[in-house]
$ cat protein_17.txt   # compact mmCIF, C-alpha atoms and all ligand atoms
# COMPACT_ATOMS: atom_id res chain seq x y z
CA MET A 1 -0.62 44.17 20.91
CA ALA A 2 -1.49 42.15 17.85
CA ILE A 3 1.41 40.66 15.96
CA THR A 4 1.32 41.25 12.22
CA ARG A 5 2.56 39.17 9.34
CA ASP A 6 5.09 41.91 8.58
CA ASP A 7 6.55 41.60 12.11
CA VAL A 8 7.06 37.90 11.52
CA LEU A 9 8.51 38.35 8.03
CA SER A 10 10.90 40.98 9.26
CA ALA A 11 12.14 38.64 12.06
CA LEU A 12 12.51 35.84 9.56
CA SER A 13 14.46 37.99 7.16
CA THR A 14 17.40 37.65 9.58
CA VAL A 15 17.46 33.89 8.99
CA ALA A 16 19.93 33.01 6.26
CA VAL A 17 19.49 29.98 4.02
CA ASP A 18 21.49 28.37 1.24
CA ASP A 19 24.82 29.39 2.79
CA GLY A 20 23.78 32.98 3.23
CA ALA A 21 22.81 33.42 -0.42
CA THR A 22 19.28 34.40 0.55
CA THR A 23 16.94 34.78 3.53
CA LEU A 24 14.05 32.57 4.52
CA PRO A 25 11.32 34.86 3.11
CA GLY A 26 13.43 35.41 -0.03
CA SER A 27 14.01 31.71 -0.59
CA GLY A 28 10.45 30.94 -1.68
CA ARG A 29 10.34 28.16 0.90
CA LEU A 30 8.17 29.92 3.45
CA SER A 31 4.50 28.95 3.65
CA GLN A 32 1.71 31.31 4.50
CA VAL A 33 2.26 32.72 8.00
CA VAL A 34 -0.73 32.04 10.25
CA ILE A 35 -1.23 34.21 13.35
CA ASP A 36 -4.19 33.50 15.60
CA GLY A 37 -5.95 35.76 18.10
CA GLY A 38 -3.66 34.58 20.92
CA ASN A 39 -0.56 35.77 19.02
CA ARG A 40 0.45 32.20 18.28
CA VAL A 41 2.41 32.04 15.07
CA MET A 42 2.55 29.09 12.68
CA PHE A 43 4.40 28.63 9.45
CA SER A 44 6.21 25.95 7.57
CA ILE A 45 9.36 25.71 5.52
CA SER A 46 9.06 23.79 2.31
CA ILE A 47 11.87 21.36 1.65
CA ASP A 48 12.63 18.28 -0.34
CA PRO A 49 12.62 15.25 2.03
CA SER A 50 16.37 14.79 1.41
CA GLU A 51 17.03 18.27 2.87
CA ALA A 52 15.42 17.59 6.25
CA GLU A 53 18.64 17.35 8.23
CA ARG A 54 20.17 20.44 6.66
CA PHE A 55 17.05 22.50 7.35
CA GLU A 56 16.44 21.50 10.96
CA PRO A 57 18.86 24.19 12.29
CA VAL A 58 17.15 26.74 10.00
CA ARG A 59 13.76 25.73 11.39
CA ARG A 60 15.02 26.09 14.97
CA GLU A 61 16.59 29.46 14.28
CA ALA A 62 13.41 30.69 12.59
CA GLU A 63 11.33 29.59 15.56
CA GLY A 64 13.69 31.36 17.95
CA ARG A 65 13.67 34.62 15.97
CA VAL A 66 9.87 34.77 15.91
CA LEU A 67 9.58 33.83 19.57
CA ALA A 68 11.84 36.78 20.37
CA ILE A 69 9.28 39.24 18.94
CA PRO A 70 7.68 40.95 21.97
CA GLY A 71 4.11 39.69 22.43
CA VAL A 72 4.42 36.40 20.55
CA SER A 73 3.06 33.66 22.81
CA SER A 74 4.19 30.58 20.91
CA VAL A 75 5.65 29.55 17.58
CA LEU A 76 5.18 26.42 15.58
CA ALA A 77 7.52 26.08 12.64
CA SER A 78 7.64 22.83 10.76
CA LEU A 79 9.49 21.39 7.80
CA THR A 80 7.11 20.14 5.15
CA SER A 81 7.54 18.46 1.86
CA GLU A 82 5.23 19.79 -0.80
CA ARG A 83 5.30 16.60 -2.75
CA GLY A 84 1.81 15.08 -2.98
CA PRO A 85 0.88 11.85 -4.79
CA ASN A 86 1.08 13.70 -8.09
CA THR A 87 3.22 16.63 -7.24
CA PRO A 88 6.92 16.48 -7.98
CA GLY A 89 9.10 18.00 -5.28
CA PRO A 90 11.32 21.01 -5.83
CA GLY A 91 13.80 20.30 -8.58
CA ALA A 92 12.27 16.93 -9.46
CA PRO A 93 11.76 16.17 -13.14
CA ARG A 94 8.09 16.41 -14.10
CA SER A 95 6.74 12.99 -14.91
CA PRO A 96 3.35 12.24 -16.40
CA GLY A 97 2.51 9.53 -13.85
CA PRO A 98 1.85 9.91 -10.13
CA ALA A 99 4.75 9.64 -7.71
CA PRO A 100 4.48 7.87 -4.37
CA VAL A 101 4.01 10.09 -1.34
CA PRO A 102 7.49 10.12 0.16
CA PRO A 103 7.66 8.83 3.71
CA ARG A 104 8.28 11.91 5.84
CA GLN A 105 11.78 12.49 7.09
CA GLY A 106 13.25 14.95 9.54
CA ASN A 107 10.50 15.35 12.11
CA SER A 108 8.85 12.07 11.07
CA LEU A 109 8.27 9.15 13.39
CA PRO A 110 11.03 6.51 13.24
CA GLY A 111 9.68 3.14 12.12
CA VAL A 112 6.36 4.56 10.89
CA ARG A 113 6.12 4.72 7.12
CA HIS A 114 3.01 6.81 6.71
CA ILE A 115 0.84 8.86 9.04
CA VAL A 116 -2.60 9.56 7.62
CA ALA A 117 -5.20 11.86 9.19
CA VAL A 118 -8.88 11.00 9.03
CA ALA A 119 -10.69 14.30 9.41
CA SER A 120 -14.11 15.85 8.99
CA GLY A 121 -15.38 19.38 8.70
CA LYS A 122 -17.79 18.77 11.59
CA GLY A 123 -18.74 16.19 14.23
CA GLY A 124 -21.19 13.34 13.89
CA VAL A 125 -20.48 12.37 10.29
CA GLY A 126 -18.94 9.02 11.28
CA LYS A 127 -15.29 10.05 11.16
CA SER A 128 -14.19 7.83 14.08
CA THR A 129 -16.20 4.83 12.89
CA THR A 130 -14.63 5.24 9.46
CA ALA A 131 -11.10 5.71 10.84
CA CYS A 132 -11.42 2.57 12.96
CA ASN A 133 -12.84 0.34 10.21
CA LEU A 134 -10.41 1.74 7.68
CA ALA A 135 -7.49 0.90 9.99
CA LEU A 136 -8.86 -2.65 10.32
CA ALA A 137 -9.30 -2.94 6.56
CA LEU A 138 -5.66 -1.89 6.06
CA ARG A 139 -4.71 -4.48 8.67
CA ALA A 140 -6.68 -7.09 6.68
CA GLN A 141 -4.33 -6.40 3.75
CA GLY A 142 -1.49 -7.66 5.94
CA LEU A 143 -0.18 -4.20 6.82
CA LYS A 144 1.11 -3.23 10.25
CA VAL A 145 -1.36 -0.61 11.42
CA GLY A 146 -1.72 1.76 14.36
CA LEU A 147 -4.75 3.85 15.27
CA LEU A 148 -4.17 7.10 17.14
CA ASP A 149 -7.24 8.77 18.56
CA ALA A 150 -6.41 12.47 18.60
CA ASP A 151 -10.03 13.59 18.87
CA ILE A 152 -9.52 15.82 21.89
CA TYR A 153 -13.20 16.80 21.97
CA GLY A 154 -14.66 13.29 22.03
CA PRO A 155 -12.20 10.41 21.96
CA SER A 156 -14.15 7.35 20.85
CA VAL A 157 -11.53 4.78 19.88
CA PRO A 158 -11.58 3.08 23.33
CA LYS A 159 -15.31 2.46 22.89
CA LEU A 160 -15.06 1.50 19.21
CA LEU A 161 -12.36 -1.09 19.93
CA GLY A 162 -13.84 -2.17 23.27
CA LEU A 163 -10.72 -1.05 25.17
CA SER A 164 -10.58 0.13 28.76
CA GLY A 165 -7.90 0.77 31.36
CA LYS A 166 -4.69 2.71 31.08
CA PRO A 167 -1.74 1.97 28.83
CA ARG A 168 1.34 0.50 30.52
CA VAL A 169 4.38 2.71 31.04
CA ILE A 170 7.34 0.74 29.74
CA GLU A 171 10.40 2.87 30.22
CA GLY A 172 10.65 6.37 31.62
CA ARG A 173 7.64 8.10 30.14
CA VAL A 174 7.17 5.81 27.13
CA LEU A 175 3.74 4.22 26.87
CA GLU A 176 2.94 0.86 25.39
CA PRO A 177 0.11 1.10 22.87
CA MET A 178 -3.01 -0.94 23.63
CA GLN A 179 -3.84 -3.80 21.27
CA ALA A 180 -7.19 -4.77 19.77
CA PHE A 181 -8.14 -6.77 16.68
CA GLY A 182 -4.51 -6.72 15.51
CA LEU A 183 -4.23 -2.93 15.75
CA LYS A 184 -1.95 -0.93 18.02
CA ALA A 185 -4.05 1.82 19.52
CA MET A 186 -3.54 4.94 21.59
CA SER A 187 -6.22 7.40 22.57
CA ILE A 188 -6.31 10.78 24.19
CA GLY A 189 -9.16 9.14 26.13
CA PHE A 190 -6.61 6.96 27.95
CA LEU A 191 -4.62 10.02 29.00
CA ILE A 192 -7.27 12.45 30.21
CA GLU A 193 -10.40 11.92 32.26
CA PRO A 194 -13.22 11.52 29.75
CA GLU A 195 -15.55 13.81 31.70
CA SER A 196 -13.05 16.58 32.30
CA ALA A 197 -14.06 19.66 30.37
CA MET A 198 -10.94 21.08 28.84
CA ILE A 199 -10.28 24.11 26.79
CA TRP A 200 -7.57 23.09 24.41
CA ARG A 201 -5.15 25.82 23.53
CA GLY A 202 -2.67 25.56 20.66
CA PRO A 203 0.43 24.65 22.70
CA MET A 204 -1.53 22.05 24.73
CA VAL A 205 -2.83 20.45 21.57
CA GLN A 206 0.68 20.34 20.24
CA SER A 207 2.09 18.78 23.38
CA ALA A 208 -0.70 16.17 23.58
CA ILE A 209 -0.18 15.10 19.98
CA THR A 210 3.60 15.08 20.41
CA GLN A 211 3.21 12.85 23.45
CA MET A 212 0.95 10.42 21.64
CA LEU A 213 3.22 10.28 18.64
CA ARG A 214 6.65 10.26 20.20
CA ASP A 215 6.20 8.89 23.71
CA VAL A 216 4.40 5.76 22.54
CA ALA A 217 6.29 2.63 21.52
CA TRP A 218 4.61 2.28 18.15
CA GLY A 219 7.37 0.05 16.77
CA ASP A 220 7.39 -0.63 13.05
CA LEU A 221 4.19 0.42 11.31
CA ASP A 222 3.26 0.64 7.66
CA ILE A 223 0.60 3.18 8.49
CA LEU A 224 -0.63 5.09 11.50
CA VAL A 225 -4.22 6.25 11.09
CA VAL A 226 -4.97 9.39 13.10
CA ASP A 227 -8.56 10.10 14.11
CA MET A 228 -8.49 13.91 14.13
CA PRO A 229 -10.76 16.23 16.12
CA PRO A 230 -13.71 17.30 13.94
CA GLY A 231 -13.74 20.80 12.52
CA THR A 232 -11.28 23.26 11.11
CA GLY A 233 -10.42 25.56 14.00
CA ASP A 234 -7.21 26.49 15.73
CA ALA A 235 -6.79 23.12 17.48
CA GLN A 236 -7.19 21.19 14.25
CA LEU A 237 -4.77 23.43 12.42
CA THR A 238 -2.17 23.04 15.16
CA MET A 239 -2.62 19.30 15.08
CA ALA A 240 -2.29 19.14 11.31
CA GLN A 241 0.92 21.16 11.65
CA ALA A 242 2.33 19.21 14.60
CA THR A 243 1.84 15.80 12.97
CA PRO A 244 4.20 14.69 10.20
CA LEU A 245 1.34 13.65 7.93
CA SER A 246 1.71 11.88 4.59
CA GLY A 247 -1.82 12.98 3.80
CA ALA A 248 -5.39 13.42 4.95
CA VAL A 249 -8.72 11.76 4.24
CA ILE A 250 -11.91 13.77 4.65
CA VAL A 251 -15.12 12.03 5.74
CA SER A 252 -18.40 13.72 4.88
CA THR A 253 -22.07 12.90 4.70
CA PRO A 254 -23.84 13.80 1.46
CA GLN A 255 -25.82 16.85 2.68
CA ASP A 256 -24.86 20.27 1.38
CA LEU A 257 -24.09 21.60 4.85
CA ALA A 258 -21.69 18.76 5.62
CA LEU A 259 -20.07 19.27 2.25
CA ILE A 260 -19.45 22.95 2.93
CA ASP A 261 -17.65 21.87 6.10
CA ALA A 262 -15.74 19.17 4.22
CA ARG A 263 -14.56 21.84 1.78
CA ARG A 264 -13.23 23.83 4.74
CA GLY A 265 -11.34 20.70 5.81
CA VAL A 266 -9.71 20.40 2.39
CA THR A 267 -8.74 24.08 2.53
CA MET A 268 -7.25 23.69 6.00
CA PHE A 269 -4.98 20.80 5.00
CA ARG A 270 -3.96 22.58 1.83
CA LYS A 271 -2.99 25.60 3.92
CA VAL A 272 -0.48 23.49 5.82
CA SER A 273 0.67 21.64 2.68
CA VAL A 274 -0.77 18.25 3.59
CA PRO A 275 -1.88 16.32 0.47
CA ILE A 276 -5.55 15.30 0.38
CA LEU A 277 -5.62 11.56 -0.24
CA GLY A 278 -9.35 11.56 -0.82
CA VAL A 279 -12.92 12.12 0.30
CA ILE A 280 -15.19 9.39 1.68
CA GLU A 281 -18.97 9.70 1.62
CA ASN A 282 -20.37 8.17 4.81
CA MET A 283 -24.06 7.41 5.39
CA ALA A 284 -24.44 7.55 1.61
CA THR A 285 -27.62 5.47 1.50
CA PHE A 286 -29.71 3.86 4.20
CA ILE A 287 -29.92 0.09 3.88
CA CYS A 288 -33.17 -1.15 5.46
CA PRO A 289 -32.36 -4.01 7.84
CA HIS A 290 -35.71 -5.68 7.02
CA CYS A 291 -36.00 -5.56 3.25
CA GLY A 292 -32.48 -4.51 2.21
CA THR A 293 -33.78 -1.59 0.11
CA ALA A 294 -31.36 1.32 -0.24
CA SER A 295 -32.79 4.82 0.36
CA ALA A 296 -30.80 8.02 -0.15
CA ILE A 297 -32.01 9.72 3.04
CA PHE A 298 -29.43 12.52 2.95
CA GLY A 299 -29.26 12.69 -0.83
CA HIS A 300 -26.54 10.80 -2.58
CA GLY A 301 -23.38 11.40 -4.56
CA GLY A 302 -22.75 14.90 -3.16
CA ALA A 303 -19.32 14.00 -1.81
CA ARG A 304 -18.28 12.44 -5.10
CA GLN A 305 -19.24 15.62 -6.97
CA GLU A 306 -17.57 17.76 -4.35
CA ALA A 307 -14.37 15.70 -4.63
CA GLU A 308 -14.42 16.23 -8.39
CA ARG A 309 -14.95 19.94 -7.95
CA LEU A 310 -12.06 20.16 -5.48
CA GLU A 311 -9.95 17.94 -7.72
CA VAL A 312 -9.23 15.42 -4.99
CA PRO A 313 -9.69 11.63 -5.24
CA PHE A 314 -13.05 10.12 -4.30
CA LEU A 315 -12.33 7.01 -2.24
CA GLY A 316 -15.80 5.51 -1.97
CA GLU A 317 -19.14 5.56 -0.23
CA ILE A 318 -20.24 3.77 2.92
CA PRO A 319 -23.94 3.08 3.47
CA LEU A 320 -25.83 3.84 6.68
CA THR A 321 -26.49 0.38 8.10
CA MET A 322 -27.66 -1.03 11.38
CA ALA A 323 -24.70 -3.43 11.37
CA ILE A 324 -22.16 -0.59 11.33
CA ARG A 325 -23.95 1.33 14.08
CA GLU A 326 -24.48 -1.67 16.35
CA THR A 327 -20.99 -3.14 16.01
CA SER A 328 -19.35 0.29 16.52
CA ASP A 329 -21.28 0.99 19.67
CA ALA A 330 -20.60 -2.54 20.98
CA GLY A 331 -16.82 -2.26 20.57
CA ARG A 332 -16.81 -4.98 17.91
CA PRO A 333 -16.07 -3.15 14.64
CA VAL A 334 -17.71 -4.68 11.61
CA VAL A 335 -14.54 -5.15 9.54
CA ALA A 336 -13.03 -7.31 12.31
CA THR A 337 -16.14 -9.19 13.38
CA ASP A 338 -17.74 -9.80 9.98
CA PRO A 339 -14.72 -9.75 7.66
CA ASP A 340 -16.56 -11.40 4.76
CA GLY A 341 -19.70 -9.30 5.07
CA PRO A 342 -20.81 -6.55 2.68
CA GLN A 343 -19.67 -3.67 4.93
CA ALA A 344 -16.16 -5.07 5.38
CA LYS A 345 -15.90 -5.37 1.61
CA ILE A 346 -16.69 -1.68 1.18
CA TYR A 347 -14.14 -0.57 3.78
CA ARG A 348 -11.53 -2.87 2.21
CA ALA A 349 -12.10 -1.36 -1.24
CA ILE A 350 -11.62 2.13 0.24
CA ALA A 351 -8.49 1.00 2.11
CA ASP A 352 -7.08 -0.46 -1.13
CA LYS A 353 -7.58 2.85 -2.94
CA LEU A 354 -6.09 4.80 -0.05
CA TRP A 355 -3.01 2.57 0.15
CA ALA A 356 -2.61 2.63 -3.63
CA GLY A 357 -2.83 6.44 -3.57
CA LEU A 358 -0.15 6.60 -0.88
CA ASN A 359 2.06 4.35 -2.94
CA GLY A 360 1.74 6.13 -6.22
CA ALA A 361 -1.16 4.53 -8.08
CA PRO A 362 -3.90 6.87 -9.25
CA ALA A 363 -6.67 6.85 -6.63
CA GLY A 364 -9.54 8.19 -8.67
CA ARG A 365 -8.82 11.70 -9.84
CA ALA A 366 -5.48 13.38 -9.72
CA ALA A 367 -4.38 14.75 -6.39
CA PRO A 368 -4.16 18.51 -6.15
CA LYS A 369 -1.04 20.47 -6.73
CA ILE A 370 -0.33 22.18 -3.45
CA VAL A 371 0.19 25.87 -3.86
CA ILE A 372 1.91 27.72 -1.07
CA GLU A 373 1.11 31.39 -0.83
P1 LIG A 401 -17.76 11.35 14.43
O1 LIG A 401 -16.44 10.73 14.77
O2 LIG A 401 -17.78 11.99 13.08
O3 LIG A 401 -18.30 12.25 15.49
P2 LIG A 401 -18.83 8.69 14.91
O4 LIG A 401 -17.91 7.82 14.16
O5 LIG A 401 -18.69 8.76 16.39
O6 LIG A 401 -18.83 10.17 14.30
O7 LIG A 401 -20.32 8.26 14.49
C1 LIG A 401 -21.46 8.88 15.04
C2 LIG A 401 -22.57 7.83 15.16
O8 LIG A 401 -22.93 7.39 13.86
C3 LIG A 401 -22.15 6.57 15.93
O9 LIG A 401 -23.24 6.12 16.71
C4 LIG A 401 -21.83 5.57 14.85
O10 LIG A 401 -22.07 4.24 15.25
C5 LIG A 401 -22.80 5.97 13.75
N1 LIG A 401 -22.30 5.69 12.39
C6 LIG A 401 -21.20 6.17 11.79
N2 LIG A 401 -21.11 5.72 10.51
C7 LIG A 401 -22.19 4.92 10.32
C8 LIG A 401 -22.68 4.13 9.22
N3 LIG A 401 -22.04 4.14 8.05
N4 LIG A 401 -23.82 3.41 9.41
C9 LIG A 401 -24.47 3.45 10.60
N5 LIG A 401 -24.08 4.17 11.64
C10 LIG A 401 -22.97 4.90 11.52

$ encode --input "protein_17.txt" --output "structure tokens" --more "lines below"
Ligand code: ADP
Amino acid sequence: MAITRDDVLSALSTVAVDDGATTLPGSGRLSQVVIDGGNRVMFSISIDPSEAERFEPVRREAEGRVLAIPGVSSVLASLTSERGPNTPGPGAPRSPGPAPVPPRQGNSLPGVRHIVAVASGKGGVGKSTTACNLALALRAQGLKVGLLDADIYGPSVPKLLGLSGKPRVIEGRVLEPMQAFGLKAMSIGFLIEPESAMIWRGPMVQSAITQMLRDVAWGDLDILVVDMPPGTGDAQLTMAQATPLSGAVIVSTPQDLALIDARRGVTMFRKVSVPILGVIENMATFICPHCGTASAIFGHGGARQEAERLEVPFLGEIPLTMAIRETSDAGRPVVATDPDGPQAKIYRAIADKLWAGLNGAPAGRAAPKIVIE
């Protein structure tokens, strides 16, 4: 029997908040309730970061109440802070300038200041290449950076960073991240057989991402860049929910079709209250390796216009070059192996904007105000 939103709301109306003064649905803190075809239920509870500890028992109780509804197969309830780069949190005084994205608390990762998803509406737009070079460009700023390859459909970080083998188990079930070019890296590709065809169901996605986040000795990091699976389906939504993200970056190519998919990506993150830190246009122009002429093979500027339309920051454009393709496929990413070259400069400029956006400076246009239905 299909579970309805009303079933969930009625179960949640038994959860008291604010010392019994109201119920969870009545408190205005409940996000949209998402129920998929497998009767998996997802929702989030909006809090100020300072309330994380107080709301953890509420979150657990809410999860338990929904799980008790006959027919519900799994429940994912998370605490989220609505505060984006420009969005004051509940009760905060409205200020004209942007506020820094608060490091996540509660279910956040100890020692890791920011977790940022690099996502795309569809595969093949250069999301992994961008995530990897962006991580290296952040590293070049002197930041402590990790790269987590959560692309369950096609993990490519081992290849991009030239890594092979299995990570070392250090204590109990804790894994030591691999190291390459000054980055700490973990990939779903190290944990599953690359050729094994897997159908990823919501709870499996959640447990894989939890394992890679929590059972890895990341240590102190300024930023953990997460290479997300492409697309906007159930697995991606679960992952966006299960990861305590400070924000998300969407990579798109300039064609209309890719942009429609990118828009879906923005919508998906907004649904789960993750701020969009910006859009990157990849393969913006083709730079001829012989004469250096730039040609706009896929059109040009579409992602910038789309970012404006969606009122999210535009972080920059990366050309389609032989150097990026060859170094990526050879496991020698261009930002690390040609740090003074033109491509590295572009990735560094994007990384600067991204980091500035995370830390409160305006990164292009204003970030969106997240509206929870
Ligand atoms: P995705 O993660 O979106 O599936 P990848 O990062 O794996 O995409 O990139 C797909 C292919 O495109 C790879 O062969 C990669 O080397 C190449 N590629 C990505 N970005 C660029 C670029 N800016 N210039 C040249 N080749 C690129």

$ atom_distance --input "protein_17.txt" --atom1 "atom CA of Val266 of chain A" --atom2 "atom CA of Pro230 of chain A"
12.6 Å

$ atom_distance --input "protein_17.txt" --atom1 "atom CA of Phe55 of chain A" --atom2 "atom CA of Ser78 of chain A"
10.0 Å

$ residues_around --input "protein_17.txt" --residues "segment 39-51 of chain A" --least-positions-apart "3" --cutoff "6 Å" --atoms "all atoms listed in the file" --output "list in words"
Arg29, Leu30, Ser31, Val33, Val34, Ile35, Asp36, Arg54, Val72, Ser73, Ser74, Val75, Leu76, Ala77, Ser78, Leu79, Thr80, Ser81 and Gln105 of chain A

$ residues_near_ligand --input "protein_17.txt" --ligand "ligand LIG 401 (chain A)" --cutoff "8 Å" --atoms "all atoms listed in the file" --output "compact mmCIF listing (two decimals) with C-alpha atoms, keeping the file's coordinate frame"
# COMPACT_ATOMS: atom_id res chain seq x y z
CA SER A 120 -14.11 15.85 8.99
CA LYS A 122 -17.79 18.77 11.59
CA GLY A 123 -18.74 16.19 14.23
CA GLY A 124 -21.19 13.34 13.89
CA VAL A 125 -20.48 12.37 10.29
CA GLY A 126 -18.94 9.02 11.28
CA LYS A 127 -15.29 10.05 11.16
CA SER A 128 -14.19 7.83 14.08
CA THR A 129 -16.20 4.83 12.89
CA THR A 130 -14.63 5.24 9.46
CA ALA A 131 -11.10 5.71 10.84
CA GLY A 154 -14.66 13.29 22.03
CA SER A 156 -14.15 7.35 20.85
CA ASP A 227 -8.56 10.10 14.11
CA PRO A 230 -13.71 17.30 13.94
CA VAL A 251 -15.12 12.03 5.74
CA ASN A 282 -20.37 8.17 4.81
CA MET A 283 -24.06 7.41 5.39
CA ALA A 284 -24.44 7.55 1.61
CA PHE A 286 -29.71 3.86 4.20
CA ILE A 318 -20.24 3.77 2.92
CA PRO A 319 -23.94 3.08 3.47
CA LEU A 320 -25.83 3.84 6.68
CA THR A 321 -26.49 0.38 8.10
CA MET A 322 -27.66 -1.03 11.38
CA ALA A 323 -24.70 -3.43 11.37
CA ILE A 324 -22.16 -0.59 11.33
CA ARG A 325 -23.95 1.33 14.08
CA GLU A 326 -24.48 -1.67 16.35
CA THR A 327 -20.99 -3.14 16.01
CA SER A 328 -19.35 0.29 16.52
CA ASP A 329 -21.28 0.99 19.67

$ closest_residue --input "protein_17.txt" --among "A:Gly28, A:Gly142, A:Pro167, A:Gly360" --to "Leu221 of chain A" --atoms "only C-alpha atoms"
A:Gly142

$ closest_atom_pairs --input "protein_17.txt" --of "segment 219-276 of chain A" --to "segment 200-214 of chain A" --cutoff "12 Å" --atoms "only C-alpha atoms" --output "CSV"
residue,atom,partner,partner_atom,distance
A:Gly219,CA,A:Arg214,CA,10.8
A:Leu224,CA,A:Leu213,CA,9.6
A:Val225,CA,A:Leu213,CA,11.3
A:Val226,CA,A:Leu213,CA,9.9
A:Asp227,CA,A:Ile209,CA,11.4
A:Met228,CA,A:Ile209,CA,10.2
A:Pro229,CA,A:Val205,CA,10.5
A:Gly233,CA,A:Gly202,CA,10.2
A:Asp234,CA,A:Gly202,CA,6.8
A:Ala235,CA,A:Gly202,CA,5.7
A:Gln236,CA,A:Val205,CA,8.6
A:Leu237,CA,A:Gly202,CA,8.8
A:Thr238,CA,A:Gly202,CA,6.1
A:Met239,CA,A:Gln206,CA,6.2
A:Ala240,CA,A:Gln206,CA,9.5
A:Gln241,CA,A:Gln206,CA,8.6
A:Ala242,CA,A:Gln206,CA,6.0
A:Thr243,CA,A:Ile209,CA,7.3
A:Pro244,CA,A:Leu213,CA,9.6
A:Leu245,CA,A:Leu213,CA,11.4

$ closest_residue --input "protein_17.txt" --among "A:Trp218, A:Tyr153, A:Phe298, A:Phe190" --to "Glu176 of chain A" --atoms "all atoms listed in the file"
A:Trp218

$ atom_distance --input "protein_17.txt" --atom1 "atom CA of Glu281 of chain A" --atom2 "atom CA of Ser108 of chain A"
29.5 Å

$ residues_around --input "protein_17.txt" --residues "Ala351 of chain A" --least-positions-apart "4" --cutoff "7 Å" --atoms "only C-alpha atoms" --output "list in words"
Leu134, Ala137, Leu138, Tyr347 and Trp355 of chain A

$ closest_residue --input "protein_17.txt" --among "A:Ile280, A:Leu9, A:Ala180, A:Ile287" --to "Phe314 of chain A" --atoms "all atoms listed in the file"
A:Ile280

$ residues_around --input "protein_17.txt" --residues "Ala349 of chain A" --least-positions-apart "4" --cutoff "8 Å" --atoms "all atoms listed in the file" --output "ChimeraX atom specification"
/A:316,345,353

$ write_last_selection --input "protein_17.txt" --atoms "C-alpha atoms" --output "PDB file, in the frame of the given file"
ATOM      1  CA  GLY A 316     -15.800   5.510  -1.970  1.00  0.00           C
ATOM      2  CA  LYS A 345     -15.900  -5.370   1.610  1.00  0.00           C
ATOM      3  CA  LYS A 353      -7.580   2.850  -2.940  1.00  0.00           C
TER       4      LYS A 353
END

$ closest_residue --input "protein_17.txt" --among "A:Glu63, A:Leu191, A:Ala296, A:Gly146" --to "Ser164 of chain A" --atoms "all atoms listed in the file"
A:Leu191

$ decode --input "protein_17.txt" --residues "segment 332-345 of chain A" --atoms "N, CA and C atoms" --output "compact mmCIF listing (two decimals), in the first residue's frame"
# COMPACT_ATOMS: atom_id res chain seq x y z
N ARG A 332 47.20 12.57 -14.02
CA ARG A 332 48.11 13.66 -13.65
C ARG A 332 47.37 14.99 -13.82
N PRO A 333 46.42 15.29 -12.94
CA PRO A 333 45.54 16.45 -13.16
C PRO A 333 46.29 17.76 -13.40
N VAL A 334 45.73 18.54 -14.29
CA VAL A 334 46.44 19.69 -14.84
C VAL A 334 46.80 20.73 -13.77
N VAL A 335 45.94 20.90 -12.77
CA VAL A 335 46.23 21.92 -11.74
C VAL A 335 47.49 21.52 -10.94
N ALA A 336 47.70 20.20 -10.77
CA ALA A 336 48.87 19.75 -10.00
C ALA A 336 50.11 19.69 -10.87
N THR A 337 49.94 19.31 -12.14
CA THR A 337 51.13 19.05 -12.95
C THR A 337 51.57 20.26 -13.78
N ASP A 338 50.67 21.22 -13.96
CA ASP A 338 51.06 22.45 -14.67
C ASP A 338 50.48 23.64 -13.89
N PRO A 339 50.96 23.82 -12.64
CA PRO A 339 50.29 24.79 -11.75
C PRO A 339 50.34 26.23 -12.24
N ASP A 340 51.29 26.55 -13.14
CA ASP A 340 51.36 27.94 -13.63
C ASP A 340 50.71 28.10 -15.00
N GLY A 341 50.16 27.01 -15.52
CA GLY A 341 49.58 27.05 -16.86
C GLY A 341 48.22 27.75 -16.89
N PRO A 342 47.69 27.98 -18.09
CA PRO A 342 46.43 28.72 -18.21
C PRO A 342 45.24 27.98 -17.60
N GLN A 343 45.23 26.64 -17.68
CA GLN A 343 44.07 25.91 -17.14
C GLN A 343 44.04 26.01 -15.62
N ALA A 344 45.25 25.85 -15.01
CA ALA A 344 45.32 25.90 -13.54
C ALA A 344 44.82 27.26 -13.05
N LYS A 345 45.16 28.30 -13.82
CA LYS A 345 44.74 29.64 -13.43
C LYS A 345 43.21 29.75 -13.39
